[in-house]
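The structure file entry.csv is reproduced below (CSV, C-alpha atoms and all ligand atoms).
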chain,number,residue,atom,x,y,z
A,10,MET,CA,24.8,-9.7,-3.1
A,11,LEU,CA,22.6,-7.5,-1.1
A,12,THR,CA,21.7,-4.0,-2.2
A,13,LEU,CA,20.2,-1.4,0.1
A,14,ARG,CA,18.6,1.7,-1.4
A,15,PHE,CA,18.1,4.6,1.0
A,16,VAL,CA,15.0,6.7,0.1
A,17,PRO,CA,15.0,10.1,1.9
A,18,TYR,CA,11.5,11.3,2.9
A,19,HIS,CA,11.7,14.3,0.6
A,20,GLU,CA,11.9,12.0,-2.4
A,21,ILE,CA,8.4,10.8,-1.7
A,22,GLU,CA,7.0,13.7,0.2
A,23,TYR,CA,5.1,15.4,-2.6
A,24,LEU,CA,4.1,12.3,-4.5
A,25,THR,CA,0.5,11.0,-4.5
A,26,SER,CA,-0.1,7.9,-2.5
A,27,ALA,CA,-0.2,5.7,-5.6
A,28,ARG,CA,3.0,7.1,-7.0
A,29,ARG,CA,4.8,6.7,-3.7
A,30,ILE,CA,3.9,3.1,-3.5
A,31,HIS,CA,4.8,2.3,-7.1
A,32,LYS,CA,8.1,4.1,-6.7
A,33,LEU,CA,9.0,2.0,-3.6
A,34,LEU,CA,7.8,-1.2,-5.2
A,35,ASP,CA,9.8,-0.5,-8.4
A,36,ILE,CA,12.9,-0.4,-6.4
A,37,VAL,CA,12.0,-3.6,-4.5
A,38,LYS,CA,11.3,-5.3,-7.9
A,39,GLU,CA,14.9,-4.6,-8.8
A,40,ASN,CA,15.8,-6.9,-6.0
A,41,LYS,CA,16.9,-4.1,-3.7
A,42,ILE,CA,16.0,-3.5,-0.1
A,43,VAL,CA,14.4,-0.2,0.5
A,44,LEU,CA,15.2,1.8,3.6
A,45,LEU,CA,12.7,4.6,3.6
A,46,GLU,CA,13.2,7.6,5.9
A,47,GLY,CA,10.0,7.9,7.9
A,48,ARG,CA,6.8,5.9,7.4
A,49,LEU,CA,3.8,5.7,5.1
A,50,LYS,CA,0.3,6.6,6.1
A,51,LYS,CA,-1.8,3.8,7.6
A,52,GLU,CA,-3.9,3.5,4.4
A,53,GLU,CA,-0.8,3.6,2.3
A,54,GLU,CA,0.5,0.6,4.2
A,55,THR,CA,-2.5,-1.5,3.3
A,56,ASP,CA,-2.4,-0.1,-0.3
A,57,LEU,CA,1.2,-1.2,-0.4
A,58,ILE,CA,0.1,-4.8,0.4
A,59,GLU,CA,-2.7,-4.6,-2.1
A,60,ILE,CA,-0.6,-3.4,-4.9
A,61,THR,CA,2.1,-5.9,-4.0
A,62,MET,CA,-0.5,-8.7,-4.4
A,63,GLU,CA,-1.4,-7.3,-7.9
A,64,LYS,CA,2.2,-7.4,-8.9
A,65,ILE,CA,3.1,-10.9,-7.7
A,66,ASP,CA,4.1,-13.3,-10.5
A,67,GLU,CA,6.6,-16.1,-10.9
A,68,LYS,CA,9.6,-13.8,-10.4
A,69,PHE,CA,8.2,-11.3,-7.9
A,70,LYS,CA,6.9,-13.1,-4.9
A,71,GLY,CA,6.0,-10.2,-2.6
A,72,ILE,CA,7.6,-8.3,0.2
A,73,GLU,CA,8.7,-8.4,3.7
A,74,LEU,CA,7.9,-5.2,5.6
A,75,ALA,CA,8.9,-3.6,8.9
A,76,VAL,CA,8.3,-0.2,10.3
A,77,ILE,CA,10.4,1.2,13.1
A,78,ASN,CA,9.0,3.9,15.3
A,79,PRO,CA,11.4,6.1,17.2
A,80,ASP,CA,11.3,6.5,21.1
A,81,ARG,CA,8.1,4.8,21.7
A,82,LYS,CA,8.9,4.7,25.4
A,83,ASP,CA,8.5,8.4,26.2
A,84,ASN,CA,5.4,8.6,24.1
A,85,ASN,CA,3.3,9.1,27.2
A,86,ASN,CA,3.8,12.8,26.8
A,87,VAL,CA,0.4,14.0,25.8
A,88,LEU,CA,1.5,16.9,23.7
A,89,ARG,CA,4.0,14.7,21.9
A,90,LYS,CA,1.4,12.1,21.3
A,91,MET,CA,-1.1,14.6,19.9
A,92,LYS,CA,1.6,16.0,17.7
A,93,SER,CA,2.7,12.7,16.4
A,94,GLY,CA,-0.9,11.6,16.0
A,95,PHE,CA,-1.6,14.7,14.0
A,96,MET,CA,1.5,14.3,11.9
A,97,ASN,CA,0.6,10.7,11.2
A,98,MET,CA,-2.9,11.7,10.1
A,99,MET,CA,-1.7,14.5,7.8
A,100,LEU,CA,1.4,13.2,6.1
A,101,GLY,CA,2.5,9.9,7.4
A,102,ASP,CA,5.6,10.6,9.5
A,103,ARG,CA,9.1,11.5,8.6
A,104,GLN,CA,10.2,10.0,11.8
A,105,GLY,CA,11.1,6.3,12.0
A,106,LEU,CA,12.2,4.0,9.3
A,107,THR,CA,10.4,1.7,6.9
A,108,ILE,CA,12.1,-1.4,5.6
A,109,ILE,CA,10.7,-3.1,2.5
A,110,GLY,CA,12.5,-6.0,1.0
A,111,PRO,CA,11.7,-8.5,-1.8
A,112,ALA,CA,10.5,-11.8,-0.4
A,113,THR,CA,12.9,-13.6,-2.7
A,114,ILE,CA,15.8,-12.1,-0.8
A,115,VAL,CA,14.5,-11.3,2.7
A,116,SER,CA,12.9,-14.3,4.3
A,117,GLU,CA,11.9,-12.6,7.5
A,118,ILE,CA,12.2,-9.4,9.4
A,119,LYS,CA,11.9,-9.9,13.1
A,120,LYS,CA,11.1,-6.9,15.1
A,121,ASN,CA,11.3,-6.7,18.8
A,122,PRO,CA,10.9,-3.6,20.9
A,123,ASP,CA,14.7,-3.2,21.0
A,124,LYS,CA,16.1,-5.0,18.0
A,125,ILE,CA,15.6,-5.8,14.4
A,126,GLU,CA,16.8,-8.9,12.7
A,127,LEU,CA,16.7,-9.3,9.0
A,128,TYR,CA,17.0,-12.8,7.7
A,129,THR,CA,18.1,-13.3,4.1
A,130,LYS,CA,17.7,-16.2,1.9
A,131,GLU,CA,20.6,-18.0,0.2
A,132,ASP,CA,21.1,-17.3,-3.5
A,133,PRO,CA,18.1,-19.0,-5.0
A,134,GLU,CA,20.2,-20.5,-7.9
A,135,LYS,CA,22.6,-22.0,-5.5
A,136,GLN,CA,19.8,-23.4,-3.4
A,137,LYS,CA,18.4,-25.1,-6.4
A,138,LYS,CA,21.7,-26.6,-7.4
A,139,VAL,CA,22.3,-28.0,-3.9
A,140,LYS,CA,18.9,-29.6,-3.9
A,141,LYS,CA,19.4,-31.2,-7.3
A,142,LYS,CA,22.7,-32.6,-6.2
A,143,GLY,CA,21.1,-33.9,-3.0
A,144,LYS,CA,18.7,-36.0,-4.9
A,145,PRO,CA,19.8,-39.6,-5.6
B,3,MET,CA,-31.1,33.6,-6.1
B,4,ALA,CA,-29.9,33.7,-2.5
B,5,GLY,CA,-33.2,32.3,-1.3
B,6,PHE,CA,-32.8,29.4,-3.8
B,7,LYS,CA,-29.2,28.7,-2.5
B,8,LYS,CA,-30.5,28.7,1.0
B,9,TRP,CA,-33.2,26.3,0.1
B,10,GLU,CA,-30.8,24.1,-1.7
B,11,TYR,CA,-28.6,24.1,1.3
B,12,MET,CA,-31.4,23.1,3.6
B,13,THR,CA,-32.5,20.3,1.4
B,14,ASN,CA,-29.0,19.0,1.3
B,15,ILE,CA,-28.8,19.0,5.0
B,16,PHE,CA,-32.1,17.2,5.1
B,17,LYS,CA,-30.9,14.7,2.5
B,18,ALA,CA,-27.8,14.0,4.5
B,19,PHE,CA,-29.8,13.5,7.7
B,20,PHE,CA,-32.3,11.3,5.9
B,21,ASN,CA,-29.5,9.2,4.4
B,22,LYS,CA,-27.9,8.7,7.7
B,23,PHE,CA,-31.2,7.8,9.2
B,24,LEU,CA,-31.9,5.2,6.5
B,25,LYS,CA,-28.4,3.8,6.8
B,26,ASN,CA,-28.8,3.3,10.6
B,27,LEU,CA,-32.2,1.7,10.0
B,28,PHE,CA,-30.7,-0.6,7.4
B,29,ARG,CA,-27.7,-1.3,9.7
B,30,LYS,CA,-29.9,-2.5,12.5
B,31,LYS,CA,-31.7,-4.8,10.2
B,32,LYS,CA,-28.7,-6.0,8.4
B,33,HIS,CA,-26.8,-7.6,11.3
B,34,ILE,CA,-23.3,-6.9,12.4
B,35,LYS,CA,-20.6,-8.1,10.2
B,36,LEU,CA,-17.9,-10.0,12.1
B,37,GLY,CA,-14.7,-10.4,10.0
B,38,LEU,CA,-12.0,-13.0,10.6
B,39,TYR,CA,-8.5,-11.7,9.7
B,40,GLY,CA,-4.9,-12.6,10.4
B,41,PRO,CA,-2.0,-14.3,8.7
B,42,PRO,CA,-2.5,-17.5,6.7
B,43,ASN,CA,-2.8,-20.7,8.8
B,44,GLY,CA,-3.6,-18.8,12.0
B,45,GLY,CA,-6.8,-20.8,12.3
B,46,LYS,CA,-9.5,-18.4,11.0
B,47,THR,CA,-11.5,-21.1,9.2
B,48,THR,CA,-11.1,-23.5,12.1
B,49,LEU,CA,-12.5,-20.9,14.4
B,50,ALA,CA,-15.3,-20.1,11.9
B,51,ASN,CA,-16.2,-23.8,11.8
B,52,ARG,CA,-16.2,-24.0,15.6
B,53,ILE,CA,-18.6,-21.0,15.9
B,54,CYS,CA,-20.9,-22.5,13.2
B,55,GLN,CA,-20.8,-25.9,14.8
B,56,ASP,CA,-21.5,-24.5,18.2
B,57,TRP,CA,-24.4,-22.4,17.2
B,58,LEU,CA,-25.7,-23.8,13.9
B,59,GLY,CA,-24.5,-27.4,14.0
B,60,GLU,CA,-22.7,-27.2,10.6
B,61,ASP,CA,-19.3,-26.4,9.1
B,62,MET,CA,-18.4,-23.2,7.3
B,63,GLY,CA,-15.4,-23.9,5.1
B,64,SER,CA,-12.5,-26.3,4.5
B,65,VAL,CA,-9.4,-26.3,6.8
B,66,SER,CA,-6.0,-27.2,5.6
B,67,ASN,CA,-2.4,-27.0,6.8
B,68,ILE,CA,-1.5,-25.8,3.3
B,69,ALA,CA,-1.5,-22.0,3.5
B,70,HIS,CA,-4.2,-20.0,1.6
B,71,GLU,CA,-6.8,-22.8,1.6
B,72,THR,CA,-9.4,-20.1,1.9
B,73,ARG,CA,-9.2,-18.1,-1.3
B,74,GLU,CA,-12.6,-16.5,-1.3
B,75,ILE,CA,-14.6,-14.5,1.2
B,76,GLN,CA,-17.1,-16.8,2.9
B,77,ILE,CA,-20.2,-15.5,4.7
B,78,LYS,CA,-22.4,-17.3,7.1
B,79,GLU,CA,-25.5,-15.3,7.7
B,80,GLN,CA,-27.5,-14.7,10.9
B,81,ILE,CA,-25.6,-16.6,13.6
B,82,SER,CA,-27.2,-16.0,17.0
B,83,ILE,CA,-25.3,-16.7,20.1
B,84,LYS,CA,-26.6,-16.6,23.7
B,85,ASN,CA,-24.7,-16.1,26.9
B,86,ASP,CA,-25.4,-17.5,30.3
B,87,GLU,CA,-27.6,-14.5,31.2
B,88,GLY,CA,-29.8,-15.2,28.2
B,89,LYS,CA,-28.6,-12.2,26.3
B,90,GLU,CA,-28.5,-12.8,22.6
B,91,ILE,CA,-26.5,-11.3,19.7
B,92,SER,CA,-26.7,-12.0,16.0
B,93,PHE,CA,-24.1,-11.4,13.4
B,94,ASN,CA,-23.0,-12.4,9.9
B,95,LEU,CA,-19.7,-14.2,10.1
B,96,VAL,CA,-17.2,-13.4,7.4
B,97,ASP,CA,-14.2,-15.8,7.0
B,98,THR,CA,-11.5,-14.1,4.8
B,99,PRO,CA,-8.3,-15.4,3.2
B,100,GLY,CA,-6.5,-13.1,5.6
B,101,ILE,CA,-3.7,-10.8,4.7
B,102,ALA,CA,-0.2,-11.8,3.5
B,103,THR,CA,2.6,-9.7,2.0
B,104,LYS,CA,4.1,-12.6,0.0
B,105,ILE,CA,2.9,-15.6,-1.9
B,106,ASP,CA,5.3,-18.1,-3.6
B,107,PHE,CA,3.9,-20.7,-5.9
B,108,GLU,CA,6.9,-22.9,-5.1
B,109,ASP,CA,5.6,-23.3,-1.6
B,110,PHE,CA,2.5,-25.0,-3.1
B,111,ILE,CA,4.8,-27.2,-5.1
B,112,LYS,CA,6.6,-28.2,-1.9
B,113,SER,CA,3.3,-29.2,-0.4
B,114,GLY,CA,2.7,-31.6,-3.3
B,115,MET,CA,1.0,-29.7,-6.1
B,116,LYS,CA,2.0,-29.8,-9.7
B,117,GLU,CA,3.6,-26.7,-11.1
B,118,LYS,CA,0.6,-25.5,-13.2
B,119,GLU,CA,-1.8,-26.1,-10.3
B,120,ALA,CA,0.5,-24.3,-7.9
B,121,LYS,CA,0.7,-21.2,-10.1
B,122,ILE,CA,-3.1,-21.1,-10.4
B,123,ARG,CA,-3.3,-21.5,-6.6
B,124,ALA,CA,-0.8,-18.6,-6.0
B,125,LYS,CA,-2.8,-16.4,-8.4
B,126,GLU,CA,-6.0,-17.1,-6.6
B,127,ALA,CA,-4.3,-16.5,-3.2
B,128,THR,CA,-3.2,-13.0,-4.3
B,129,LYS,CA,-6.8,-12.2,-5.4
B,130,GLY,CA,-8.0,-13.5,-2.0
B,131,VAL,CA,-5.7,-11.2,-0.1
B,132,ILE,CA,-6.9,-8.2,-2.2
B,133,ASP,CA,-10.5,-9.1,-1.5
B,134,ALA,CA,-9.8,-9.4,2.2
B,135,ILE,CA,-8.3,-5.9,2.2
B,136,LYS,CA,-11.2,-4.5,0.2
B,137,TRP,CA,-13.6,-6.0,2.7
B,138,LEU,CA,-12.0,-4.4,5.7
B,139,ASP,CA,-14.2,-1.3,5.4
B,140,GLU,CA,-17.4,-3.5,5.4
B,141,MET,CA,-16.7,-5.0,8.8
B,142,ASP,CA,-18.3,-3.8,12.0
B,143,THR,CA,-16.0,-5.8,14.3
B,144,ILE,CA,-12.8,-7.7,13.5
B,145,ILE,CA,-11.3,-10.7,15.1
B,146,ILE,CA,-7.7,-11.2,14.4
B,147,VAL,CA,-6.6,-14.8,14.7
B,148,LEU,CA,-3.0,-15.2,15.5
B,149,ASP,CA,-1.1,-18.5,15.8
B,150,SER,CA,0.4,-18.2,19.3
B,151,THR,CA,3.3,-20.4,18.5
B,152,GLN,CA,4.5,-17.9,15.9
B,153,ASP,CA,6.3,-14.6,16.4
B,154,PRO,CA,3.6,-11.9,16.8
B,155,TYR,CA,6.0,-9.1,15.8
B,156,SER,CA,5.4,-9.9,12.2
B,157,GLN,CA,4.6,-6.6,10.5
B,158,VAL,CA,1.5,-7.8,8.7
B,159,ASN,CA,-0.4,-8.1,11.9
B,160,ILE,CA,0.8,-4.7,13.1
B,161,THR,CA,-0.2,-3.2,9.7
B,162,ILE,CA,-3.7,-4.5,9.8
B,163,ILE,CA,-4.2,-3.6,13.4
B,164,GLY,CA,-2.9,-0.1,12.9
B,165,ASN,CA,-5.2,0.3,10.0
B,166,LEU,CA,-8.2,-0.8,11.9
B,167,ALA,CA,-7.4,1.6,14.7
B,168,ALA,CA,-7.3,4.3,12.0
B,169,ARG,CA,-10.7,3.2,10.7
B,170,GLU,CA,-12.1,2.9,14.3
B,171,ILE,CA,-13.2,-0.7,13.8
B,172,PRO,CA,-13.2,-2.6,17.1
B,173,VAL,CA,-10.6,-5.3,17.2
B,174,LEU,CA,-10.5,-8.5,19.3
B,175,ILE,CA,-7.3,-10.5,19.1
B,176,VAL,CA,-7.5,-14.3,19.4
B,177,ALA,CA,-4.3,-16.1,20.4
B,178,ASN,CA,-5.1,-19.4,18.8
B,179,LYS,CA,-3.5,-22.9,19.2
B,180,VAL,CA,-3.0,-22.7,22.9
B,181,ASP,CA,-3.1,-26.5,23.0
B,182,LEU,CA,0.4,-26.6,21.5
B,183,LYS,CA,3.4,-26.6,23.8
B,184,LYS,CA,5.1,-23.8,21.9
B,185,ALA,CA,2.1,-21.4,22.4
B,186,ASP,CA,3.1,-18.2,24.1
B,187,ILE,CA,0.2,-15.9,24.8
B,188,LYS,CA,2.4,-13.6,26.9
B,189,LYS,CA,4.4,-12.7,23.9
B,190,ILE,CA,1.2,-11.7,22.0
B,191,GLU,CA,0.0,-9.6,25.0
B,192,ALA,CA,3.4,-7.9,25.0
B,193,ALA,CA,3.2,-7.1,21.3
B,194,PHE,CA,-0.4,-5.7,21.5
B,195,PRO,CA,-0.7,-4.2,25.0
B,196,GLN,CA,-3.7,-2.0,24.0
B,197,TYR,CA,-5.9,-4.8,22.9
B,198,GLU,CA,-8.0,-7.5,24.6
B,199,ILE,CA,-6.5,-10.9,23.9
B,200,VAL,CA,-8.3,-14.2,24.3
B,201,GLY,CA,-6.2,-17.4,24.2
B,202,ILE,CA,-8.1,-20.3,22.7
B,203,SER,CA,-7.8,-23.6,20.8
B,204,ALA,CA,-10.2,-23.3,17.9
B,205,LYS,CA,-9.4,-26.9,17.0
B,206,TYR,CA,-10.0,-28.5,20.4
B,207,GLY,CA,-12.3,-25.9,21.9
B,208,ASP,CA,-10.2,-24.8,24.9
B,209,ASN,CA,-11.5,-21.6,26.4
B,210,VAL,CA,-14.0,-20.8,23.6
B,211,ASN,CA,-16.5,-19.7,26.2
B,212,GLU,CA,-14.3,-16.9,27.2
B,213,PHE,CA,-14.1,-16.0,23.5
B,214,TYR,CA,-17.9,-15.9,23.2
B,215,ASN,CA,-18.1,-13.7,26.3
B,216,ALA,CA,-15.6,-11.3,24.7
B,217,LEU,CA,-17.8,-11.3,21.5
B,218,PHE,CA,-20.7,-10.0,23.6
B,219,LYS,CA,-18.6,-7.0,24.5
B,220,TYR,CA,-17.4,-6.3,21.0
B,221,ALA,CA,-20.3,-7.2,18.8
B,222,SER,CA,-23.3,-5.8,20.6
C,1,LIG,N1,-3.0,-27.5,17.2
C,1,LIG,C1,-3.9,-26.6,16.7
C,1,LIG,N2,-4.0,-26.5,15.3
C,1,LIG,C2,-4.9,-25.7,14.8
C,1,LIG,C3,-5.8,-24.9,15.6
C,1,LIG,N3,-6.6,-24.1,14.8
C,1,LIG,C4,-6.2,-24.4,13.6
C,1,LIG,N4,-5.2,-25.4,13.5
C,1,LIG,C5,-4.6,-25.9,12.3
C,1,LIG,O1,-3.9,-24.9,11.6
C,1,LIG,C6,-4.0,-25.1,10.2
C,1,LIG,C7,-4.6,-23.9,9.5
C,1,LIG,O2,-5.9,-23.7,9.9
C,1,LIG,P1,-7.0,-22.9,9.1
C,1,LIG,O3,-8.2,-22.8,9.9
C,1,LIG,O4,-7.1,-23.4,7.7
C,1,LIG,O5,-6.2,-21.5,9.0
C,1,LIG,P2,-6.6,-20.2,8.2
C,1,LIG,O6,-5.7,-20.1,7.0
C,1,LIG,O7,-6.4,-19.0,9.2
C,1,LIG,O8,-8.1,-20.3,7.8
C,1,LIG,C8,-4.8,-26.4,10.0
C,1,LIG,O9,-4.0,-27.5,9.9
C,1,LIG,C9,-5.6,-26.5,11.3
C,1,LIG,O10,-6.0,-27.8,11.7
C,1,LIG,C10,-5.7,-25.1,17.1
C,1,LIG,O11,-6.4,-24.4,17.9
C,1,LIG,N5,-4.7,-25.9,17.5
C,2,MG,MG,-9.0,-20.2,6.0
Take the structure in this file and express it as structure tokens.
Ligand SMILES: Nc1nc2c(ncn2[C@@H]2O[C@H](COP(=O)(O)OP(=O)(O)O)[C@@H](O)[C@H]2O)c(=O)[nH]1
Ligand SMILES: [Mg+2]
Amino acid sequence: MLTLRFVPYHEIEYLTSARRIHKLLDIVKENKIVLLEGRLKKEEETDLIEITMEKIDEKFKGIELAVINPDRKDNNNVLRKMKSGFMNMMLGDRQGLTIIGPATIVSEIKKNPDKIELYTKEDPEKQKKVKKKGKP
Amino acid sequence: MAGFKKWEYMTNIFKAFFNKFLKNLFRKKKHIKLGLYGPPNGGKTTLANRICQDWLGEDMGSVSNIAHETREIQIKEQISIKNDEGKEISFNLVDTPGIATKIDFEDFIKSGMKEKEAKIRAKEATKGVIDAIKWLDEMDTIIIVLDSTQDPYSQVNITIIGNLAAREIPVLIVANKVDLKKADIKKIEAAFPQYEIVGISAKYGDNVNEFYNALFKYAS
């Protein structure tokens, strides 16, 4: 079974970077896929990877991550660019969507300019059983 | 009191100026740090070895088709390269484990390791990625080595590149493994339109001259 957990931006808005990241990772560690409204700051994205590495063990094997930016095409508008650049710098961005899934469930997120494909793994228990049966 | 404050203020300005001056002086002496980044198995170490072989006549580290072969930062100091016009640049080459978002000890078991060894390996690999991230700020120029047979839209690449843009570190993207049939440089160019991309084969040496020429632009 696949569980999605929507996290509205206001739920993380006033948290410190460290607490934001831990909050999101705590959900992922419960084997849920996080759909975060908006995106993290650039430094937070790298911090997220760093803290993920610290948390990896036999059960938690890391994350798959994708960030979707809205209407990139009409981003040539200078004012808009400046505004979004400033927003990005100050508070990350409440626009767009961030997907963070546990690597044990999400095998890959493929992102193209116009579509997103999220590949899931089979139930790990089932996979093991199949393999064992397959062996002579 | 006010006079003292002012004096303190002036000395602080002077200190800041002096520190910056010292730092620049140190920087010039210290050589540029050129960091190799990108996902595991892109060919960072293969490229590092090619650079070292071409200019020093020796290898840098061990290459493997098992991911996370490089688990520690490796530095080769004072590599000097020359171009056709006789211009020369020197740098310290830093091969990193690269950046991954997931590490599964069972993948190491699949590639033939015993469980205990695989778990140790996985732990070392996570530490390697953390080191690679911590070293980002130390770099003067970054080369991102991507496997051009793989999907470039993988978020790790975009995350690192976005981060470097925020830190104002120059980035050169290498589309590696062009010797393979499945290689698709166009796809990488489409994914990162704002960057210079050089297609090479680190393993067989295809097009490495163009890569060295690009280095002159980015590392001098
Ligand atoms: N065909 C081909 N294979 C390559 C090339 N560069 C690296 N490889 C192979 O890709 C695998 C990973 O290389 P490695 O340098 O260890 O990658 P790293 O993890 O990024 O350091 C090894 O099996 C290499 O032999 C290339 O240009 N062409
Ligand atoms: Mg390596």
Legend entry - Selection within 9 Å of ligand MG 2 (chain C) by only C-alpha atoms and all ligand atoms, output as a PyMOL selection string: chain B and resi 42-48+50+63-66+69-74+97-100
Inset, instruction - Up to 7 Å from chain A, what residues of chain B turn up? Count all atoms listed in the file and give them as an MDAnalysis selection string. - result: chainID B and resid 103:106 128 132 155:157 161 164:165
Keeping C-alpha atoms for every residue in the selection just given, could you write it to a file as a PDB file, keeping the file's coordinate frame?
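Contents of selection27.pdb, as written:
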ATOM      1  CA  THR B 103       2.600  -9.700   2.000  1.00  0.00           C
ATOM      2  CA  LYS B 104       4.100 -12.600   0.000  1.00  0.00           C
ATOM      3  CA  ILE B 105       2.900 -15.600  -1.900  1.00  0.00           C
ATOM      4  CA  ASP B 106       5.300 -18.100  -3.600  1.00  0.00           C
ATOM      5  CA  THR B 128      -3.200 -13.000  -4.300  1.00  0.00           C
ATOM      6  CA  ILE B 132      -6.900  -8.200  -2.200  1.00  0.00           C
ATOM      7  CA  TYR B 155       6.000  -9.100  15.800  1.00  0.00           C
ATOM      8  CA  SER B 156       5.400  -9.900  12.200  1.00  0.00           C
ATOM      9  CA  GLN B 157       4.600  -6.600  10.500  1.00  0.00           C
ATOM     10  CA  THR B 161      -0.200  -3.200   9.700  1.00  0.00           C
ATOM     11  CA  GLY B 164      -2.900  -0.100  12.900  1.00  0.00           C
ATOM     12  CA  ASN B 165      -5.200   0.300  10.000  1.00  0.00           C
TER      13      ASN B 165
END
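The spacing separating CA of Ile114 in chain A from CA of Thr129 in chain A amounts to 5.5 Å.
Residue neighbourhood of Pro17 in chain A, excluding near-sequence residues (fewer than 3 positions): Arg14, Glu20, Ile21, Glu22, Leu33, Val43, Leu44, Leu45, Glu46, Gly47, Arg48, Arg103, Gln104, Gly105, Leu106 and Thr107 of chain A, at 12 Å, using only C-alpha atoms.
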Inset, instruction - Go ahead and find all residues with at least one atom no further than 8 Å from (0.5, 8.6, -0.1) in the file's coordinates, using all atoms listed in the file; report them as a PyMOL selection string. - result: chain A and resi 24-30+49-50+53+100-101
Inset, instruction - Kindly give the distance, in Å, that separates atom O11 of ligand LIG 1 (chain C) and CA of Gly201 in chain B, rounded to a single decimal. - result: 9.4 Å
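For the pair CA of Lys129 in chain B and CA of Ile101 in chain B, the interatomic distance is 10.7 Å.
Distances here use only C-alpha atoms and all ligand atoms; by that measure, the residue among B:Asp181, B:Glu79, B:Glu198, B:Glu108 closest to ligand LIG 1 (chain C) is B:Asp181.
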Inset, instruction - Could you give me, as a ChimeraX atom specification, the residues within 12 Å of Lys219 in chain B, counting only C-alpha atoms and dropping anything in the same chain fewer than 2 positions from it? - result: /B:85,89-91,143,172-174,198,212-217,221-222
Name all residues at most 7 Å from Leu148 in chain B (count all atoms listed in the file; drop same-chain ones fewer than 6 positions away) and give them as an mmCIF file with C-alpha atoms, in the frame of the given file.
data_model
loop_
_atom_site.group_PDB
_atom_site.id
_atom_site.type_symbol
_atom_site.label_atom_id
_atom_site.label_comp_id
_atom_site.auth_asym_id
_atom_site.auth_seq_id
_atom_site.Cartn_x
_atom_site.Cartn_y
_atom_site.Cartn_z
ATOM 1 C CA GLY B 40 -4.900 -12.600 10.400
ATOM 2 C CA PRO B 41 -2.000 -14.300 8.700
ATOM 3 C CA GLY B 44 -3.600 -18.800 12.000
ATOM 4 C CA VAL B 176 -7.500 -14.300 19.400
ATOM 5 C CA ALA B 177 -4.300 -16.100 20.400
ATOM 6 C CA ASN B 178 -5.100 -19.400 18.800
#
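Nearest residue to ligand LIG 1 (chain C) among B:His33, B:Arg52, B:Lys136, B:Lys189 is B:Arg52, counting all atoms listed in the file.
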Inset, instruction - List every protein, DNA or RNA residue that has at least one atom no more than 10 Å from (9.3, -21.1, 16.2) in the file's coordinates, counting all atoms listed in the file, and write the result as a ChimeraX atom specification. - result: /B:150-153,184-185
Residues from last step as file, C-alpha atoms, as an mmCIF file, keeping the file's coordinate frame:
data_model
loop_
_atom_site.group_PDB
_atom_site.id
_atom_site.type_symbol
_atom_site.label_atom_id
_atom_site.label_comp_id
_atom_site.auth_asym_id
_atom_site.auth_seq_id
_atom_site.Cartn_x
_atom_site.Cartn_y
_atom_site.Cartn_z
ATOM 1 C CA SER B 150 0.400 -18.200 19.300
ATOM 2 C CA THR B 151 3.300 -20.400 18.500
ATOM 3 C CA GLN B 152 4.500 -17.900 15.900
ATOM 4 C CA ASP B 153 6.300 -14.600 16.400
ATOM 5 C CA LYS B 184 5.100 -23.800 21.900
ATOM 6 C CA ALA B 185 2.100 -21.400 22.400
#
Legend entry - Residue with smallest distance to ligand LIG 1 (chain C) - pool B:Asp149, B:Glu117, B:Glu191, B:Glu140, counting only C-alpha atoms and all ligand atoms: B:Asp149
Inset, instruction - Name all residues at most 12 Å from Glu119 in chain B (count all atoms listed in the file; drop same-chain ones fewer than 4 positions away) and give them as a list in words. - result: Phe107, Glu108, Asp109, Phe110, Ile111, Ser113, Gly114, Met115, Arg123, Ala124, Lys125 and Glu126 of chain B
For those residues, write C-alpha atoms to a file as a compact mmCIF listing (two decimals), keeping the file's coordinate frame.
# COMPACT_ATOMS: atom_id res chain seq x y z
CA PHE B 107 3.90 -20.70 -5.90
CA GLU B 108 6.90 -22.90 -5.10
CA ASP B 109 5.60 -23.30 -1.60
CA PHE B 110 2.50 -25.00 -3.10
CA ILE B 111 4.80 -27.20 -5.10
CA SER B 113 3.30 -29.20 -0.40
CA GLY B 114 2.70 -31.60 -3.30
CA MET B 115 1.00 -29.70 -6.10
CA ARG B 123 -3.30 -21.50 -6.60
CA ALA B 124 -0.80 -18.60 -6.00
CA LYS B 125 -2.80 -16.40 -8.40
CA GLU B 126 -6.00 -17.10 -6.60
